[in-house]
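The data block below is entry00.pdb; it holds PDB, C-alpha atoms.
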```
ATOM      1  CA  MET A   1    -157.974 161.926 -61.489
ATOM      2  CA  ARG A   2    -160.843 161.125 -59.115
ATOM      3  CA  SER A   3    -160.698 162.712 -55.659
ATOM      4  CA  ASN A   4    -160.616 160.565 -52.537
ATOM      5  CA  LYS A   5    -163.376 162.678 -51.130
ATOM      6  CA  GLY A   6    -166.783 161.089 -50.902
ATOM      7  CA  PHE A   7    -170.224 162.640 -51.180
ATOM      8  CA  LEU A   8    -173.224 160.748 -49.819
ATOM      9  CA  ILE A   9    -176.713 161.966 -50.627
ATOM     10  CA  THR A  10    -180.103 160.579 -49.569
ATOM     11  CA  ARG A  11    -183.024 161.484 -51.803
ATOM     12  CA  PRO A  12    -186.241 159.583 -51.228
ATOM     13  CA  ARG A  13    -189.053 160.534 -53.593
ATOM     14  CA  HIS A  14    -192.251 158.995 -52.246
ATOM     15  CA  GLU A  15    -194.061 162.335 -51.718
ATOM     16  CA  ILE A  16    -194.546 165.528 -53.709
ATOM     17  CA  LEU A  17    -192.054 167.654 -51.761
ATOM     18  CA  LEU A  18    -189.471 164.866 -51.679
ATOM     19  CA  ASN A  19    -189.910 164.337 -55.403
ATOM     20  CA  LEU A  20    -189.228 168.042 -55.996
ATOM     21  CA  LEU A  21    -186.101 167.849 -53.837
ATOM     22  CA  PHE A  22    -185.098 164.608 -55.610
ATOM     23  CA  HIS A  23    -184.996 166.397 -58.965
ATOM     24  CA  TRP A  24    -183.357 169.565 -57.644
ATOM     25  CA  SER A  25    -180.689 167.446 -55.922
ATOM     26  CA  LYS A  26    -179.563 166.205 -59.337
ATOM     27  CA  LEU A  27    -177.957 169.620 -59.832
ATOM     28  CA  VAL A  28    -175.915 169.028 -56.674
ATOM     29  CA  ILE A  29    -174.864 165.590 -57.942
ATOM     30  CA  ASP A  30    -173.762 167.206 -61.216
ATOM     31  CA  GLU A  31    -171.547 169.563 -59.213
ATOM     32  CA  ALA A  32    -170.111 166.624 -57.247
ATOM     33  CA  GLN A  33    -169.288 164.906 -60.539
ATOM     34  CA  ALA A  34    -167.628 168.050 -61.860
ATOM     35  CA  LYS A  35    -165.523 168.266 -58.699
ATOM     36  CA  GLN A  36    -164.549 164.589 -58.975
ATOM     37  CA  PHE A  37    -166.128 163.465 -55.709
ATOM     38  CA  ARG A  38    -166.931 159.770 -55.265
ATOM     39  CA  ILE A  39    -170.727 159.824 -55.230
ATOM     40  CA  PHE A  40    -172.965 157.572 -53.137
ATOM     41  CA  ASP A  41    -176.495 158.312 -54.289
ATOM     42  CA  LEU A  42    -179.100 156.746 -52.005
ATOM     43  CA  GLU A  43    -182.073 157.526 -54.193
ATOM     44  CA  GLY A  44    -185.650 156.300 -53.812
ATOM     45  CA  ASP A  45    -185.867 153.057 -51.821
ATOM     46  CA  LYS A  46    -182.070 152.965 -51.445
ATOM     47  CA  ALA A  47    -182.548 155.686 -48.829
ATOM     48  CA  ASN A  48    -182.963 153.114 -46.065
ATOM     49  CA  ARG A  49    -181.098 152.658 -42.801
ATOM     50  CA  LYS A  50    -179.285 149.455 -43.735
ATOM     51  CA  THR A  51    -177.845 150.894 -46.955
ATOM     52  CA  PHE A  52    -177.081 154.238 -45.323
ATOM     53  CA  VAL A  53    -175.131 152.671 -42.458
ATOM     54  CA  SER A  54    -173.301 150.297 -44.786
ATOM     55  CA  TYR A  55    -172.276 153.042 -47.245
ATOM     56  CA  ILE A  56    -171.211 155.508 -44.603
ATOM     57  CA  MET A  57    -169.142 152.983 -42.647
ATOM     58  CA  LYS A  58    -167.428 151.651 -45.748
ATOM     59  CA  ASN A  59    -166.794 154.917 -47.571
ATOM     60  CA  LYS A  60    -166.559 157.580 -44.859
ATOM     61  CA  PRO A  61    -167.816 160.448 -47.049
ATOM     62  CA  SER A  62    -166.532 163.912 -46.207
ATOM     63  CA  LEU A  63    -169.898 165.458 -47.155
ATOM     64  CA  VAL A  64    -173.318 164.040 -46.260
ATOM     65  CA  PHE A  65    -176.468 165.617 -47.692
ATOM     66  CA  PHE A  66    -179.796 164.456 -46.307
ATOM     67  CA  ASN A  67    -183.075 165.110 -48.108
ATOM     68  CA  GLY A  68    -185.960 163.741 -46.091
ATOM     69  CA  HIS A  69    -188.359 164.454 -43.331
ATOM     70  CA  GLY A  70    -187.059 165.302 -39.925
ATOM     71  CA  SER A  71    -187.855 166.163 -36.365
ATOM     72  CA  ASP A  72    -185.708 167.339 -33.453
ATOM     73  CA  ASP A  73    -184.264 163.850 -33.105
ATOM     74  CA  VAL A  74    -184.749 162.003 -36.394
ATOM     75  CA  ILE A  75    -184.043 162.164 -40.128
ATOM     76  CA  THR A  76    -185.977 159.769 -42.322
ATOM     77  CA  GLY A  77    -185.586 158.211 -45.751
ATOM     78  CA  HIS A  78    -187.757 156.127 -48.063
ATOM     79  CA  ASN A  79    -191.349 155.803 -46.796
ATOM     80  CA  ASN A  80    -190.357 157.942 -43.806
ATOM     81  CA  ALA A  81    -188.366 155.100 -42.223
ATOM     82  CA  VAL A  82    -185.729 156.333 -39.768
ATOM     83  CA  LEU A  83    -182.189 156.733 -41.147
ATOM     84  CA  ILE A  84    -180.525 158.317 -38.156
ATOM     85  CA  GLU A  85    -181.579 159.347 -34.655
ATOM     86  CA  THR A  86    -180.098 161.584 -31.981
ATOM     87  CA  ASN A  87    -179.351 158.554 -29.825
ATOM     88  CA  ASN A  88    -178.646 156.071 -32.590
ATOM     89  CA  GLY A  89    -176.230 156.767 -35.398
ATOM     90  CA  THR A  90    -174.943 160.334 -34.936
ATOM     91  CA  GLU A  91    -171.461 158.863 -34.376
ATOM     92  CA  LEU A  92    -171.572 157.781 -38.043
ATOM     93  CA  LEU A  93    -171.258 161.456 -38.982
ATOM     94  CA  LYS A  94    -167.893 161.820 -37.236
ATOM     95  CA  GLY A  95    -165.439 163.696 -39.437
ATOM     96  CA  ALA A  96    -168.057 164.726 -41.994
ATOM     97  CA  VAL A  97    -169.638 168.023 -42.940
ATOM     98  CA  VAL A  98    -173.411 167.547 -43.011
ATOM     99  CA  TYR A  99    -176.291 169.388 -44.606
ATOM    100  CA  ALA A 100    -179.762 168.221 -43.567
ATOM    101  CA  ARG A 101    -182.548 169.583 -45.770
ATOM    102  CA  SER A 102    -185.049 168.342 -43.210
ATOM    103  CA  CYS A 103    -187.353 169.963 -40.689
ATOM    104  CA  ASN A 104    -186.059 170.629 -37.162
ATOM    105  CA  ALA A 105    -183.079 168.237 -37.279
ATOM    106  CA  ALA A 106    -180.518 170.921 -36.381
ATOM    107  CA  LYS A 107    -182.183 171.305 -33.012
ATOM    108  CA  GLY A 108    -181.392 168.008 -31.288
ATOM    109  CA  LEU A 109    -179.809 165.639 -33.776
ATOM    110  CA  GLY A 110    -177.434 168.242 -35.242
ATOM    111  CA  ALA A 111    -176.178 169.341 -31.844
ATOM    112  CA  LYS A 112    -175.612 165.731 -30.801
ATOM    113  CA  ALA A 113    -173.783 164.958 -34.068
ATOM    114  CA  ILE A 114    -171.359 167.805 -33.350
ATOM    115  CA  LYS A 115    -170.720 166.381 -29.886
ATOM    116  CA  LYS A 116    -169.991 163.035 -31.538
ATOM    117  CA  GLY A 117    -167.362 164.501 -33.882
ATOM    118  CA  CYS A 118    -169.291 165.767 -36.912
ATOM    119  CA  ARG A 119    -167.209 168.754 -38.049
ATOM    120  CA  ALA A 120    -170.078 171.012 -39.116
ATOM    121  CA  PHE A 121    -173.837 170.581 -39.383
ATOM    122  CA  ILE A 122    -176.004 172.915 -41.460
ATOM    123  CA  GLY A 123    -179.730 172.435 -41.112
ATOM    124  CA  TYR A 124    -182.996 173.854 -39.867
ATOM    125  CA  ARG A 125    -184.077 174.272 -36.252
ATOM    126  CA  HIS A 126    -187.718 174.711 -37.301
ATOM    127  CA  LYS A 127    -189.788 173.569 -40.272
ATOM    128  CA  PHE A 128    -188.271 173.662 -43.760
ATOM    129  CA  VAL A 129    -191.131 174.897 -45.904
ATOM    130  CA  VAL A 130    -191.558 174.858 -49.684
ATOM    131  CA  ALA A 131    -194.422 176.526 -51.478
ATOM    132  CA  HIS A 132    -195.083 175.226 -54.964
ATOM    133  CA  SER A 133    -197.575 175.591 -57.736
ATOM    134  CA  THR A 134    -200.182 172.939 -58.450
ATOM    135  CA  VAL A 135    -199.804 173.132 -62.199
ATOM    136  CA  ASP A 136    -196.122 172.344 -62.644
ATOM    137  CA  ILE A 137    -195.677 169.204 -60.537
ATOM    138  CA  SER A 138    -194.580 167.132 -63.530
ATOM    139  CA  ARG A 139    -192.011 169.760 -64.504
ATOM    140  CA  PRO A 140    -190.167 170.568 -61.279
ATOM    141  CA  PHE A 141    -187.661 172.974 -62.802
ATOM    142  CA  GLU A 142    -190.410 175.057 -64.396
ATOM    143  CA  ASP A 143    -192.133 175.763 -61.081
ATOM    144  CA  GLU A 144    -191.024 179.354 -60.512
ATOM    145  CA  LEU A 145    -192.531 179.411 -57.026
ATOM    146  CA  ALA A 146    -190.768 176.267 -55.775
ATOM    147  CA  LYS A 147    -187.533 177.501 -57.353
ATOM    148  CA  LEU A 148    -187.487 180.532 -55.020
ATOM    149  CA  PHE A 149    -187.427 178.165 -52.028
ATOM    150  CA  ILE A 150    -185.307 175.273 -53.267
ATOM    151  CA  GLU A 151    -182.585 176.919 -55.342
ATOM    152  CA  PRO A 152    -181.044 178.834 -52.382
ATOM    153  CA  SER A 153    -181.119 175.674 -50.275
ATOM    154  CA  ASN A 154    -179.143 173.868 -53.003
ATOM    155  CA  LEU A 155    -176.419 176.474 -52.573
ATOM    156  CA  VAL A 156    -175.302 174.919 -49.281
ATOM    157  CA  PRO A 157    -174.051 171.615 -50.743
ATOM    158  CA  ILE A 158    -172.959 173.207 -54.034
ATOM    159  CA  SER A 159    -170.789 175.728 -52.152
ATOM    160  CA  LEU A 160    -169.343 172.964 -49.992
ATOM    161  CA  LEU A 161    -168.511 170.894 -53.079
ATOM    162  CA  LYS A 162    -166.754 173.937 -54.532
ATOM    163  CA  GLY A 163    -164.466 174.025 -51.508
ATOM    164  CA  ASN A 164    -166.155 176.720 -49.465
ATOM    165  CA  SER A 165    -166.248 176.342 -45.696
ATOM    166  CA  ALA A 166    -169.433 175.488 -43.799
ATOM    167  CA  GLY A 167    -169.725 179.107 -42.648
ATOM    168  CA  GLU A 168    -169.332 180.414 -46.215
ATOM    169  CA  ALA A 169    -171.844 177.904 -47.589
ATOM    170  CA  TYR A 170    -174.360 178.974 -44.951
ATOM    171  CA  LYS A 171    -173.817 182.660 -45.742
ATOM    172  CA  LYS A 172    -174.205 182.102 -49.499
ATOM    173  CA  SER A 173    -177.481 180.278 -48.938
ATOM    174  CA  GLN A 174    -178.694 182.988 -46.561
ATOM    175  CA  ARG A 175    -177.839 185.734 -49.050
ATOM    176  CA  ALA A 176    -179.616 183.882 -51.865
ATOM    177  CA  MET A 177    -182.730 183.389 -49.717
ATOM    178  CA  ARG A 178    -182.744 187.077 -48.810
ATOM    179  CA  ARG A 179    -182.426 188.059 -52.470
ATOM    180  CA  ASN A 180    -185.410 185.861 -53.309
ATOM    181  CA  PHE A 181    -187.296 187.196 -50.308
ATOM    182  CA  SER A 182    -186.707 190.792 -51.448
ATOM    183  CA  PHE A 183    -187.921 189.873 -54.913
ATOM    184  CA  MET A 184    -191.040 188.191 -53.504
ATOM    185  CA  GLN A 185    -191.911 191.375 -51.648
ATOM    186  CA  SER A 186    -191.470 193.537 -54.720
ATOM    187  CA  SER A 187    -194.020 194.596 -57.316
ATOM    188  CA  ALA A 188    -192.137 192.489 -59.881
ATOM    189  CA  ALA A 189    -193.301 189.315 -58.134
ATOM    190  CA  THR A 190    -196.576 187.583 -58.943
ATOM    191  CA  TRP A 191    -199.416 187.496 -56.433
ATOM    192  CA  GLU A 192    -198.540 183.875 -55.612
ATOM    193  CA  GLN A 193    -194.929 184.785 -54.912
ATOM    194  CA  GLN A 194    -195.804 187.858 -52.829
ATOM    195  CA  SER A 195    -198.349 186.059 -50.682
ATOM    196  CA  LEU A 196    -195.930 183.267 -49.768
ATOM    197  CA  ALA A 197    -192.866 185.373 -48.882
ATOM    198  CA  SER A 198    -193.513 184.849 -45.160
ATOM    199  CA  TYR A 199    -192.709 181.139 -45.518
ATOM    200  CA  LEU A 200    -189.329 181.892 -47.077
ATOM    201  CA  TRP A 201    -188.643 184.261 -44.184
ATOM    202  CA  GLY A 202    -189.342 181.282 -41.924
ATOM    203  CA  ASN A 203    -186.660 179.239 -43.726
ATOM    204  CA  ILE A 204    -184.163 182.119 -43.426
ATOM    205  CA  ARG A 205    -184.709 182.248 -39.673
ATOM    206  CA  ALA A 206    -184.712 178.472 -39.247
ATOM    207  CA  GLN A 207    -181.433 177.711 -41.057
ATOM    208  CA  VAL A 208    -178.366 177.392 -38.821
ATOM    209  CA  VAL A 209    -174.760 176.254 -38.967
ATOM    210  CA  LEU A 210    -173.363 174.315 -36.007
ATOM    211  CA  GLY A 211    -169.825 173.231 -35.208
ATOM    212  CA  ASN A 212    -166.678 174.438 -36.928
ATOM    213  CA  GLN A 213    -167.591 177.125 -39.445
ATOM    214  CA  GLU A 214    -164.155 176.797 -41.066
ATOM    215  CA  ALA A 215    -164.695 173.108 -41.861
ATOM    216  CA  THR A 216    -164.580 172.120 -45.539
ATOM    217  CA  ALA A 217    -165.846 168.953 -47.175
TER
ATOM    218  CA  MET B   1    -206.471 194.899 -21.314
ATOM    219  CA  LYS B   2    -207.454 191.824 -23.322
ATOM    220  CA  LYS B   3    -207.097 188.407 -21.730
ATOM    221  CA  GLU B   4    -204.466 186.093 -23.180
ATOM    222  CA  SER B   5    -207.039 183.810 -24.793
ATOM    223  CA  ALA B   6    -208.627 186.808 -26.514
ATOM    224  CA  VAL B   7    -205.224 187.886 -27.824
ATOM    225  CA  ASP B   8    -204.613 184.333 -29.073
ATOM    226  CA  GLU B   9    -207.961 184.444 -30.831
ATOM    227  CA  ASP B  10    -207.086 187.796 -32.453
ATOM    228  CA  ILE B  11    -203.779 186.359 -33.646
ATOM    229  CA  ARG B  12    -205.506 183.283 -35.042
ATOM    230  CA  GLU B  13    -207.978 185.480 -36.938
ATOM    231  CA  LEU B  14    -205.137 187.596 -38.319
ATOM    232  CA  VAL B  15    -203.247 184.522 -39.541
ATOM    233  CA  ILE B  16    -206.394 183.033 -41.088
ATOM    234  CA  ALA B  17    -206.995 186.313 -42.930
ATOM    235  CA  ARG B  18    -203.439 186.208 -44.272
ATOM    236  CA  VAL B  19    -203.736 182.592 -45.411
ATOM    237  CA  ARG B  20    -207.126 183.337 -46.964
ATOM    238  CA  ALA B  21    -205.426 186.019 -49.102
ATOM    239  CA  THR B  22    -203.189 183.454 -50.834
ATOM    240  CA  PRO B  23    -204.165 182.095 -54.264
ATOM    241  CA  LYS B  24    -205.839 178.710 -54.650
ATOM    242  CA  ASN B  25    -203.391 177.293 -57.166
ATOM    243  CA  VAL B  26    -200.529 176.827 -54.718
ATOM    244  CA  ARG B  27    -199.580 174.213 -52.133
ATOM    245  CA  VAL B  28    -197.424 174.633 -49.065
ATOM    246  CA  SER B  29    -195.297 171.651 -48.001
ATOM    247  CA  ILE B  30    -194.704 171.614 -44.267
ATOM    248  CA  GLY B  31    -193.028 168.505 -42.942
ATOM    249  CA  SER B  32    -194.399 165.410 -44.594
ATOM    250  CA  GLN B  33    -197.648 166.961 -45.755
ATOM    251  CA  ASP B  34    -198.730 169.101 -48.654
ATOM    252  CA  TYR B  35    -201.439 171.618 -47.762
ATOM    253  CA  THR B  36    -204.019 173.474 -49.821
ATOM    254  CA  LYS B  37    -205.112 176.922 -48.745
ATOM    255  CA  GLU B  38    -208.259 175.440 -47.186
ATOM    256  CA  GLN B  39    -206.269 172.826 -45.266
ATOM    257  CA  LEU B  40    -203.913 175.507 -43.929
ATOM    258  CA  ILE B  41    -206.914 177.474 -42.664
ATOM    259  CA  GLU B  42    -208.465 174.353 -41.088
ATOM    260  CA  ASN B  43    -205.246 173.577 -39.240
ATOM    261  CA  VAL B  44    -205.025 177.117 -37.861
ATOM    262  CA  GLU B  45    -208.708 177.088 -36.858
ATOM    263  CA  GLU B  46    -208.332 173.736 -35.112
ATOM    264  CA  ASN B  47    -205.042 174.759 -33.502
ATOM    265  CA  THR B  48    -203.249 171.587 -34.616
ATOM    266  CA  GLU B  49    -199.447 171.273 -34.405
ATOM    267  CA  VAL B  50    -199.188 172.390 -38.034
ATOM    268  CA  GLY B  51    -201.625 175.214 -37.306
ATOM    269  CA  LYS B  52    -199.345 176.373 -34.486
ATOM    270  CA  GLU B  53    -196.355 176.233 -36.855
ATOM    271  CA  ILE B  54    -198.223 178.365 -39.396
ATOM    272  CA  ILE B  55    -199.117 180.914 -36.704
ATOM    273  CA  GLU B  56    -195.492 181.000 -35.542
ATOM    274  CA  ILE B  57    -194.170 181.522 -39.091
ATOM    275  CA  GLN B  58    -196.686 184.252 -39.868
ATOM    276  CA  MET B  59    -196.213 186.077 -36.562
ATOM    277  CA  GLN B  60    -192.419 185.885 -36.841
ATOM    278  CA  TYR B  61    -192.708 187.492 -40.273
ATOM    279  CA  LEU B  62    -195.132 190.206 -39.119
ATOM    280  CA  ARG B  63    -192.992 191.051 -36.084
ATOM    281  CA  ALA B  64    -189.888 191.335 -38.278
ATOM    282  CA  LEU B  65    -191.856 193.508 -40.700
ATOM    283  CA  ALA B  66    -193.093 195.772 -37.896
ATOM    284  CA  SER B  67    -189.693 196.104 -36.276
ATOM    285  CA  GLY B  68    -187.909 196.720 -39.576
ATOM    286  CA  ALA B  69    -185.712 193.666 -39.024
ATOM    287  CA  ILE B  70    -186.604 192.405 -42.484
ATOM    288  CA  TYR B  71    -185.108 195.480 -44.112
ATOM    289  CA  ALA B  72    -182.214 195.879 -41.676
ATOM    290  CA  GLU B  73    -180.970 192.372 -42.355
ATOM    291  CA  GLN B  74    -181.166 192.467 -46.145
TER
END
```

I need this file expressed as structure tokens, please.
Amino acid sequence: MRSNKGFLITRPRHEILLNLLFHWSKLVIDEAQAKQFRIFDLEGDKANRKTFVSYIMKNKPSLVFFNGHGSDDVITGHNNAVLIETNNGTELLKGAVVYARSCNAAKGLGAKAIKKGCRAFIGYRHKFVVAHSTVDISRPFEDELAKLFIEPSNLVPISLLKGNSAGEAYKKSQRAMRRNFSFMQSSAATWEQQSLASYLWGNIRAQVVLGNQEATA
Amino acid sequence: MKKESAVDEDIRELVIARVRATPKNVRVSIGSQDYTKEQLIENVEENTEVGKEIIEIQMQYLRALASGAIYAEQ
């Protein structure tokens, strides 16, 4: 029997990084299917403000997962058009648990969303950085460098879909990033991986959880 | 004691040296842009917003390395 819980995901794909996240997000959608969530997949050009507002108002998803560019006060969708702003739309997140895989959005927008009734907001208060190889762009899952950055970030929504709390999902992602970071500093890592470990450290430091850490999706 | 601008210049040189040590066959996605090694260096040299972000990331890492925070928190 299908759950009443809804999962809304935005995944524009108009740039290289967004295209990588688009493909990696499919694994999260698979988990949502396995857990019987109702899935609202705003992929490609469907990641626009009109569709986002319409879907979220009609379906009131318990988990919202943004993939897109961000700043302190904005998260964007297809062609970097604004989906939600600190002063326009954060009330739409009321009652939801949110993960924003976007630069900086936890800083202003995330804090405002919590004030407006969002139960928990996991995101990044600085840049979210992904290093990737130039040879594997057409095969995103075979890029061993990108995997070290993206796979631990996927753990946030996957853990939430499995019923973990926001605090637990954050901790699982942090632990996975630290494991990858340790590996990247080791002699078992390639030169590429070793030389880019500092950027993963940046993601570890930038990721935060705001609001009620006990909240579940 | 060195003046602040001289310290900033030393830091910039240190970060450029670190970026220069990365391989050519990788890209770093920061925000909405994808950067080659050369573009990362240019941004640090020209002290753009992205250049400042790169300096901040690298210095945060080096400070954590020096203080042992990297190992303490693992």

Selected by the ChimeraX specification (/A :<10) & /B in the shown coordinates: which residues, as a tab-separated table (two decimals) with C-alpha atoms, in the frame of the given file?
```
chain	number	residue	atom	x	y	z
B	18	ARG	CA	-203.44	186.21	-44.27
B	19	VAL	CA	-203.74	182.59	-45.41
B	20	ARG	CA	-207.13	183.34	-46.96
B	21	ALA	CA	-205.43	186.02	-49.10
B	22	THR	CA	-203.19	183.45	-50.83
B	23	PRO	CA	-204.16	182.10	-54.26
B	24	LYS	CA	-205.84	178.71	-54.65
B	25	ASN	CA	-203.39	177.29	-57.17
B	26	VAL	CA	-200.53	176.83	-54.72
B	27	ARG	CA	-199.58	174.21	-52.13
B	28	VAL	CA	-197.42	174.63	-49.06
B	29	SER	CA	-195.30	171.65	-48.00
B	30	ILE	CA	-194.70	171.61	-44.27
B	31	GLY	CA	-193.03	168.50	-42.94
B	32	SER	CA	-194.40	165.41	-44.59
B	33	GLN	CA	-197.65	166.96	-45.76
B	34	ASP	CA	-198.73	169.10	-48.65
B	35	TYR	CA	-201.44	171.62	-47.76
B	36	THR	CA	-204.02	173.47	-49.82
B	50	VAL	CA	-199.19	172.39	-38.03
B	53	GLU	CA	-196.36	176.23	-36.85
B	54	ILE	CA	-198.22	178.36	-39.40
B	56	GLU	CA	-195.49	181.00	-35.54
B	57	ILE	CA	-194.17	181.52	-39.09
B	58	GLN	CA	-196.69	184.25	-39.87
B	59	MET	CA	-196.21	186.08	-36.56
B	60	GLN	CA	-192.42	185.88	-36.84
B	61	TYR	CA	-192.71	187.49	-40.27
B	62	LEU	CA	-195.13	190.21	-39.12
B	64	ALA	CA	-189.89	191.34	-38.28
B	65	LEU	CA	-191.86	193.51	-40.70
B	70	ILE	CA	-186.60	192.40	-42.48
B	71	TYR	CA	-185.11	195.48	-44.11
B	73	GLU	CA	-180.97	192.37	-42.36
B	74	GLN	CA	-181.17	192.47	-46.14
```

Between atom CA of A:Ala120 and atom CA of A:Glu214 - distance in Å to one decimal:
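Answer for the atom CA of A:Glu214 to atom CA of A:Ala120 separation: 8.5 Å.
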
Interatomic distance between atom CA of A:Gly117 and atom CA of A:Gly95?
5.9 Å

Once you count all atoms listed in the file, what closest atom pair and distance in Å to one decimal does each residue of stretch 99-216 of chain A within 10 Å of stretch 28-47 of chain A have, with rows by chain and rising residue number, as a Markdown table?
```
| residue | atom | partner | partner_atom | distance |
| --- | --- | --- | --- | --- |
| A:Asn154 | CA | A:Val28 | CA | 6.9 |
| A:Leu155 | CA | A:Val28 | CA | 8.5 |
| A:Val156 | CA | A:Val28 | CA | 9.5 |
| A:Pro157 | CA | A:Val28 | CA | 6.7 |
| A:Ile158 | CA | A:Val28 | CA | 5.8 |
| A:Ser159 | CA | A:Glu31 | CA | 9.4 |
| A:Leu160 | CA | A:Ala32 | CA | 9.7 |
| A:Leu161 | CA | A:Ala32 | CA | 6.2 |
| A:Lys162 | CA | A:Lys35 | CA | 7.1 |
| A:Gly163 | CA | A:Lys35 | CA | 9.3 |
```

Just so the selection is clear, what residues does the PyMOL selection byres ((chain A and resi 49) around 8) cover here, as a PyMOL selection string?
chain A and resi 47-48+50-53+77+81-84

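Note that the spacing between atom CA of A:Thr216 and atom CA of A:Lys60 amounts to 14.7 Å.
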
Do you know which residues are at most 12 Å from A:Phe141 counting only C-alpha atoms, after dropping those on the same chain fewer than 4 positions away, and could you put them as a PyMOL selection string?
chain A and resi 19-27+132-133+136-137+145-151

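Of the listed residues (A:Val97, A:Ile122, A:Ile56, A:Leu8), A:Val97 comes nearest to A:Ala217; the distances count only C-alpha atoms.
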
Need to verify the contact set: A:Lys115, 9 Å, all atoms listed in the file, exclusion of same-chain residues closer than 5 positions in sequence. Can you return it as a ChimeraX atom specification?
/A:90-91,110,211

Can you work out which one of A:Gly167, A:Gly6, A:Glu144, A:Lys58 has the shortest atom-to-atom distance to A:Thr190, counting only C-alpha atoms?
A:Glu144

Nearest to A:Asn212, chosen from A:Asn164, A:Pro61, A:Ala176, A:Cys118, with only C-alpha atoms counted in the distances
A:Cys118

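Closest to B:Glu13 among B:Glu45, B:Ala72, B:Gly51, B:Glu38 is B:Glu45, based on only C-alpha atoms.
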
Counting only C-alpha atoms, find residues at most 9 Å from (-176.0, 165.6, -42.4) (file frame) and give them as number ranges by chain.
A: 63-66, 93, 96-101, 110, 113, 118, 120-123
